[in-house]
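Here's final30.txt, which has compact mmCIF, C-alpha atoms:
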# COMPACT_ATOMS: atom_id res chain seq x y z
CA GLY A 20 0.00 0.00 0.00
CA CYS A 21 0.57 3.59 0.43
CA LYS A 22 2.78 5.11 3.05
CA THR A 23 0.83 6.93 5.74
CA LEU A 24 1.96 10.55 6.13
CA ASP A 25 0.73 13.07 8.70
CA ILE A 26 -0.02 16.69 7.87
CA TYR A 27 3.50 17.84 8.80
CA GLU A 28 5.16 15.32 6.50
CA LEU A 29 2.85 16.22 3.63
CA ALA A 30 3.54 19.91 4.07
CA ARG A 31 7.28 19.29 4.21
CA LYS A 32 7.14 17.02 1.17
CA TYR A 33 5.16 19.36 -1.09
CA GLY A 34 5.83 22.74 0.49
CA GLN A 35 2.28 23.92 0.00
CA LEU A 36 1.35 25.06 3.54
CA SER A 37 2.87 27.68 5.79
CA PHE A 38 3.52 26.95 9.47
CA ASN A 39 0.44 28.96 10.51
CA ASP A 40 -1.72 27.04 8.01
CA ILE A 41 -0.46 23.75 9.36
CA TYR A 42 -1.18 24.82 12.94
CA GLU A 43 -4.71 25.92 12.05
CA VAL A 44 -5.48 22.66 10.23
CA VAL A 45 -4.15 20.51 13.03
CA THR A 46 -6.06 22.52 15.65
CA LYS A 47 -9.34 22.19 13.80
CA THR A 48 -9.02 18.52 12.91
CA ASN A 49 -7.97 17.57 16.43
CA ASN A 50 -11.07 19.21 17.90
CA PRO A 51 -14.14 17.26 16.65
CA GLU A 52 -16.64 20.01 17.50
CA ILE A 53 -14.72 22.69 15.63
CA PHE A 54 -14.08 20.27 12.75
CA LYS A 55 -17.81 19.58 12.33
CA GLU A 56 -18.50 23.28 11.91
CA TYR A 57 -15.79 23.73 9.32
CA GLU A 58 -16.76 20.50 7.58
CA LYS A 59 -20.04 22.15 6.60
CA GLU A 60 -18.05 24.72 4.59
CA ILE A 61 -16.26 22.05 2.53
CA PRO A 62 -17.97 21.86 -0.91
CA LYS A 63 -19.35 18.47 -1.76
CA GLU A 64 -17.78 16.72 -4.72
CA ASN A 65 -20.06 16.34 -7.70
CA ASN A 66 -19.00 13.27 -9.61
CA GLU A 67 -21.80 13.64 -12.11
CA GLU A 68 -20.68 16.14 -14.71
CA GLU A 69 -23.45 18.12 -16.28
CA GLU A 70 -23.63 17.34 -19.95
CA ALA A 71 -23.71 20.37 -22.20
CA PRO A 72 -26.70 20.31 -24.53
CA ALA A 73 -25.78 18.92 -27.91
CA PRO A 74 -25.60 21.62 -30.57
CA VAL A 75 -28.60 21.69 -32.89
CA ASP A 76 -27.55 21.09 -36.48
CA THR A 77 -28.87 23.73 -38.86
CA PRO A 78 -29.09 22.49 -42.46
CA GLN A 79 -27.25 24.62 -44.98
CA LYS A 80 -29.46 26.56 -47.36
CA PRO A 81 -29.32 24.75 -50.72
CA GLU A 82 -27.75 26.62 -53.62
CA LEU A 83 -30.10 26.05 -56.55
CA SER A 84 -29.48 29.15 -58.67
CA GLN A 85 -27.27 27.13 -61.04
CA PHE A 86 -30.44 25.42 -62.29
CA GLU A 87 -32.07 28.67 -63.38
CA GLY A 88 -32.22 28.73 -67.15
CA THR A 89 -32.39 24.95 -67.47
CA THR A 90 -34.30 24.34 -70.69
CA LEU A 91 -36.40 21.31 -71.67
CA TYR A 92 -37.27 20.91 -75.36
CA PHE A 93 -40.29 19.38 -77.09
CA ASP A 94 -41.19 17.88 -80.43
CA ASN A 95 -43.53 19.83 -82.69
CA ASP A 96 -47.06 20.20 -81.26
CA SER A 97 -46.08 18.09 -78.26
CA PRO A 98 -47.23 17.01 -75.76
CA ASP A 99 -50.75 15.99 -76.87
CA SER A 100 -51.09 17.35 -80.39
CA LYS A 101 -54.26 18.83 -81.87
CA THR A 102 -55.91 19.79 -78.59
CA ARG A 103 -56.58 23.03 -76.78
CA SER A 104 -56.19 21.44 -73.36
CA THR A 105 -53.87 23.22 -70.95
CA LYS A 106 -52.93 19.97 -69.18
CA SER A 107 -50.48 17.37 -70.40
CA SER A 108 -51.25 13.66 -70.36
CA MET A 109 -47.56 12.84 -69.92
CA ASN A 110 -44.58 13.87 -67.83
CA TYR A 111 -41.40 15.17 -69.43
CA ASP A 112 -39.66 11.77 -69.35
CA THR A 113 -42.28 10.36 -71.71
CA SER A 114 -42.24 13.39 -74.01
CA TYR A 115 -38.43 13.47 -74.07
CA SER A 116 -38.09 9.77 -74.89
CA ALA A 117 -40.46 10.14 -77.84
CA TYR A 118 -38.56 13.21 -79.08
CA ILE A 119 -35.16 11.51 -78.86
CA GLY A 120 -36.66 8.53 -80.69
CA ARG A 121 -37.35 10.81 -83.67
CA LYS A 122 -33.79 12.13 -83.95
CA SER A 123 -33.07 10.19 -87.16
CA THR A 124 -36.24 11.61 -88.74
CA TYR A 125 -35.16 15.11 -87.77
CA LEU A 126 -31.70 14.60 -89.29
CA THR A 127 -33.15 13.29 -92.54
CA GLN A 128 -35.58 16.20 -92.86
CA ALA A 129 -32.99 18.75 -91.76
CA ALA A 130 -30.61 17.52 -94.46
CA SER A 131 -33.12 18.63 -97.07
CA ILE A 132 -32.85 22.23 -95.83
CA GLY A 133 -29.09 22.11 -95.26
CA GLU A 134 -29.26 21.90 -91.44
CA GLU A 135 -28.41 18.27 -90.68
CA GLN A 136 -25.25 19.11 -88.71
CA GLN A 137 -26.89 22.00 -86.84
CA VAL A 138 -29.84 19.83 -85.81
CA SER A 139 -27.55 16.98 -84.71
CA THR A 140 -25.55 19.43 -82.60
CA PHE A 141 -28.75 20.85 -81.09
CA PHE A 142 -29.86 17.39 -79.95
CA ASP A 143 -26.45 16.67 -78.38
CA SER A 144 -25.67 20.07 -76.88
CA ALA A 145 -29.13 21.32 -75.84
CA ILE A 146 -31.87 18.70 -75.69
CA VAL A 147 -29.95 15.89 -73.95
CA PRO A 148 -28.04 18.12 -71.46
CA GLY A 149 -31.30 19.88 -70.55
CA LYS A 150 -32.89 16.60 -69.51
CA ASN A 151 -29.78 15.58 -67.55
CA LYS A 152 -29.79 18.89 -65.71
CA LEU A 153 -33.48 18.48 -64.80
CA ASP A 154 -32.64 15.08 -63.30
CA ASP A 155 -29.88 16.68 -61.19
CA PHE A 156 -32.25 19.45 -60.12
CA ILE A 157 -34.81 16.94 -58.87
CA ILE A 158 -32.15 15.27 -56.70
CA GLN A 159 -31.34 18.65 -55.13
CA LEU A 160 -35.03 19.37 -54.59
CA VAL A 161 -35.40 16.10 -52.67
CA ASP A 162 -32.62 17.21 -50.28
CA ALA A 163 -34.16 20.68 -49.91
CA ALA A 164 -37.62 19.35 -49.08
CA THR A 165 -36.17 16.74 -46.72
CA ASN A 166 -34.61 19.61 -44.76
CA LYS A 167 -37.91 21.53 -44.92
CA PHE A 168 -36.72 24.37 -47.15
CA ASN A 169 -39.41 26.00 -49.26
CA VAL A 170 -38.57 26.11 -52.97
CA ASN A 171 -40.69 28.18 -55.34
CA ILE A 172 -40.08 27.53 -59.03
CA ILE A 173 -41.33 29.55 -62.01
CA LEU A 174 -41.51 27.69 -65.34
CA ASN A 175 -41.77 29.55 -68.63
CA GLY A 176 -43.24 27.76 -71.63
CA SER A 177 -43.09 28.78 -75.28
CA THR A 178 -43.82 27.57 -78.83
CA SER A 179 -42.76 28.17 -82.40
CA SER A 180 -45.04 30.15 -84.69
CA PRO A 181 -47.23 27.57 -86.54
CA ASN A 182 -50.89 27.66 -85.42
CA ASP A 183 -52.82 30.57 -83.89
CA LYS A 184 -51.75 32.50 -80.81
CA ASN A 185 -54.42 31.13 -78.45
CA TYR A 186 -53.59 27.57 -79.46
CA ASN A 187 -49.91 28.26 -78.80
CA ILE A 188 -50.62 29.71 -75.35
CA ASN A 189 -52.40 26.48 -74.43
CA LEU A 190 -49.60 24.41 -75.96
CA SER A 191 -47.02 26.27 -73.88
CA LYS A 192 -49.15 25.54 -70.79
CA ARG A 193 -49.15 21.83 -71.68
CA ARG A 194 -45.36 21.96 -71.94
CA ILE A 195 -45.12 23.57 -68.53
CA ASP A 196 -47.51 20.99 -67.09
CA SER A 197 -45.40 18.17 -68.52
CA VAL A 198 -42.30 19.44 -66.69
CA LYS A 199 -44.35 20.16 -63.56
CA LYS A 200 -45.57 16.54 -63.59
CA GLN A 201 -41.98 15.39 -63.92
CA ILE A 202 -40.89 17.39 -60.86
CA LEU A 203 -43.81 17.04 -58.47
CA GLY A 204 -44.72 13.53 -59.60
CA ASP A 205 -41.27 12.09 -59.00
CA PRO A 206 -41.72 9.42 -56.27
CA ARG A 207 -38.79 10.83 -54.30
CA ILE A 208 -40.40 14.27 -54.32
CA VAL A 209 -43.85 12.91 -53.44
CA LYS A 210 -42.36 11.20 -50.39
CA VAL A 211 -40.93 14.42 -48.87
CA ASN A 212 -43.35 17.03 -50.22
CA GLU A 213 -46.51 16.26 -48.24
CA LYS A 214 -46.50 19.75 -46.73
CA GLY A 215 -45.94 21.46 -50.08
CA TYR A 216 -42.33 22.59 -49.61
CA ILE A 217 -41.90 22.64 -53.40
CA GLY A 218 -44.21 24.86 -55.43
CA VAL A 219 -44.39 25.49 -59.18
CA LYS A 220 -45.87 28.51 -60.95
CA GLU A 221 -46.25 29.00 -64.69
CA VAL A 222 -45.65 31.74 -67.22
CA ALA A 223 -47.10 30.73 -70.59
CA SER A 224 -45.56 32.86 -73.34
CA GLY A 225 -46.80 30.99 -76.41
CA GLU A 226 -44.98 32.33 -79.45
CA GLY A 227 -44.66 35.85 -77.96
CA ILE A 228 -41.08 35.53 -76.82
CA SER A 229 -37.52 35.65 -78.09
CA VAL A 230 -35.29 32.70 -77.20
CA ASP A 231 -31.53 33.01 -77.59
CA GLY A 232 -31.99 35.76 -80.15
CA THR A 233 -34.72 33.91 -82.06
CA ASP A 234 -38.07 35.69 -82.44
CA CYS A 235 -40.51 32.82 -81.94
CA SER A 236 -43.40 34.71 -83.53
CA GLN A 237 -41.55 34.99 -86.83
CA ASP A 238 -43.22 33.05 -89.62
CA ILE A 239 -41.04 30.37 -91.20
CA ILE A 240 -42.01 30.05 -94.86
CA ASP A 241 -40.51 26.69 -95.73
CA THR A 242 -42.85 23.89 -94.61
CA THR A 243 -40.00 21.56 -93.62
CA ALA A 244 -38.13 24.29 -91.78
CA LYS A 245 -41.31 25.12 -89.82
CA ILE A 246 -40.77 21.86 -87.92
CA TYR A 247 -37.23 20.61 -88.47
CA SER A 248 -35.08 23.76 -88.37
CA VAL A 249 -33.07 24.75 -85.30
CA GLN A 250 -34.94 28.07 -85.32
CA ALA A 251 -38.24 26.23 -84.73
CA MET A 252 -36.73 23.66 -82.34
CA ARG A 253 -35.24 26.36 -80.11
CA CYS A 254 -38.66 27.93 -79.42
CA ARG A 255 -40.43 24.71 -78.42
CA ARG A 256 -39.43 24.54 -74.79
CA THR A 257 -40.07 25.01 -71.09
CA ALA A 258 -37.38 26.80 -69.09
CA ILE A 259 -36.80 27.17 -65.36
CA GLN A 260 -37.16 30.93 -65.17
CA SER A 261 -36.45 31.43 -61.47
CA ILE A 262 -35.93 29.54 -58.21
CA VAL A 263 -36.49 31.07 -54.78
CA VAL A 264 -35.42 29.18 -51.66
CA THR A 265 -36.61 30.22 -48.19
CA GLU A 266 -35.44 28.77 -44.90
CA PRO A 267 -37.79 26.68 -42.75
CA PRO A 268 -39.04 28.10 -39.42
CA LYS A 269 -36.60 27.45 -36.58
CA SER A 270 -37.36 24.80 -33.97
CA GLU A 271 -37.44 25.71 -30.25
CA GLU A 272 -33.97 24.16 -29.82
CA GLN A 273 -32.55 26.22 -32.69
CA GLU A 274 -34.15 29.41 -31.35
CA SER A 275 -32.67 28.70 -27.92
CA GLN A 276 -29.21 28.08 -29.36
CA GLN A 277 -29.38 31.21 -31.52
CA ASN A 278 -30.36 33.33 -28.50
CA SER A 279 -27.49 31.81 -26.51
CA ASP A 280 -25.01 32.49 -29.33
CA GLU A 281 -26.22 36.08 -29.67
CA GLN A 282 -25.76 36.58 -25.91
CA VAL A 283 -22.19 35.29 -26.13
CA VAL A 284 -21.45 37.68 -29.00
CA LYS A 285 -23.01 40.56 -27.07
CA GLU A 286 -20.99 39.87 -23.91
CA THR A 287 -17.63 38.89 -25.45
CA GLY A 288 -17.71 40.35 -28.91
CA GLU A 289 -16.72 36.94 -30.27
CA THR A 290 -18.78 34.55 -32.33
CA ALA A 291 -19.63 31.37 -30.48
CA ASP A 292 -18.35 28.12 -31.95
CA LYS A 293 -21.02 26.03 -33.63

What is this file in structure tokens?
Amino acid sequence: GCKTLDIYELARKYGQLSFNDIYEVVTKTNNPEIFKEYEKEIPKENNEEEEAPAPVDTPQKPELSQFEGTTLYFDNDSPDSKTRSTKSSMNYDTSYSAYIGRKSTYLTQAASIGEEQQVSTFFDSAIVPGKNKLDDFIIQLVDAATNKFNVNIILNGSTSSPNDKNYNINLSKRRIDSVKKQILGDPRIVKVNEKGYIGVKEVASGEGISVDGTDCSQDIIDTTAKIYSVQAMRCRRTAIQSIVVTEPPKSEEQESQQNSDEQVVKETGETADK
């Protein structure tokens, strides 16, 4: 075991107490009545350490602005040709697959007007990347809704010039609805969007818009070019016009932590560690 040392030996060994301190300690500990009084002043040991409350994680606001301008293209008079309905019977996946399936037809027809290479490039550099970017956007929307961020999206739809203006307004609405179905109907979105965190609004422009320098209301004289030229293809689209993300309301724990952090900053001038 341990060697037993009295108060004098301890003081000599560690040099922590003066002679007067030693005398006072010995006097008090040798007199039980006095010791009991002073014992009351000795703080009790607390072996149970109070656990600091765990910091409340605050999700980072998603950065979705890179998806503004994402453009989804459509075949002529699609979706749902020869109707004045404003609702689409299909989501964008279905419309896109049918459009891509007609690429060879487009190239053949475009060759007759000297635009085969331009049309091929438009499929590869605009139509396909637009669909891929929409898929990436949906993945980001799932994360945003999971963390209860509100995301408000504005979709702008347009058409090329064939047909009358009212018909083209309705066609642009069908194109918007097709993309809206793709976003809100995605099973991953449905699962996390019960409280409507993701909202979609529409702006139907019909042919009354310019797209990448192309006046969509301009009449194209050549009957083949009306459908198969890049000028016509560029106007048949729905674009993500704007995305606004707002933070969810704070929980009681987050409010409490924020108030605590603000108090620390106020008292010390330093930002509290998160």

inquiry  = Taking 5 positions as the minimum chain separation for residues in the same chain, which residues sit within 9 Å of range 129-131 of chain A when counting all atoms listed in the file? Answer as a PyMOL selection string.
reply    = chain A and resi 124+136-138+243-244+247-249

ask   = In terms of the shortest atom-to-atom distance over all atoms listed in the file, which of A:Gln159, A:Thr127, A:Asn175, A:Thr140 is closest to Asp196 in chain A?
value = A:Asn175

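One finds CA of Asn110 in chain A at 6.1 Å from CA of Val198 in chain A.
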
Contacts of Asp183 in chain A within 10 Å, all atoms listed in the file, excl. fewer than 4 positions in-chain, as a compact mmCIF listing (two decimals) with C-alpha atoms, in the coordinates of the input:
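So the final result, stored in selection-v7.txt, reads:
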# COMPACT_ATOMS: atom_id res chain seq x y z
CA ASN A 187 -49.91 28.26 -78.80
CA ILE A 188 -50.62 29.71 -75.35
CA GLY A 225 -46.80 30.99 -76.41
CA GLU A 226 -44.98 32.33 -79.45

inquiry  = Quick one: residues within 7 Å of range 201-209 of chain A, all atoms listed in the file, excluding same-chain residues fewer than 2 positions away - as a PyMOL selection string?
reply    = chain A and resi 110-112+157+161+197-199+211-213

Around all the atoms of range 192-211 of chain A listed in the file, with 5 Å of room on each side, what axis-aligned box do you get, giving centre and edge lengths in Å to one decimal, as JSON?
{"center_x": -44.0, "center_y": 17.5, "center_z": -60.4, "size_x": 20.4, "size_y": 26.1, "size_z": 33.1}

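The two atoms in question, CA of Asp231 in chain A and CA of Ser108 in chain A, are spaced 28.6 Å apart.
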
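Counting all atoms listed in the file, Tyr118 in chain A has the following residues at most 6 Å away, ignoring those fewer than 3 positions along the same chain: Asp94, Tyr115 and Arg121 of chain A.
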
key: Glu266 in chain A environment, 8 Å, only C-alpha atoms, sequence neighbours closer than 2 positions dropped, as number ranges by chain   = A: 80, 167-169, 264, 268

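Shortest atom-to-atom contact with Gly218 in chain A among A:Ile158, A:Ile172, A:Ile240, A:Asn95: A:Ile172, counting all atoms listed in the file.
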
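Residue nearest Asn185 in chain A within the list A:Ser224, A:Phe141, A:Cys254, A:Asp234: A:Ser224 [criterion: smallest interatomic distance, only C-alpha atoms].
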
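For the choices A:Leu126, A:Phe156, A:Phe93, A:Asp162, the atom-to-atom distance to Ala251 in chain A is smallest for A:Phe93 when using only C-alpha atoms.
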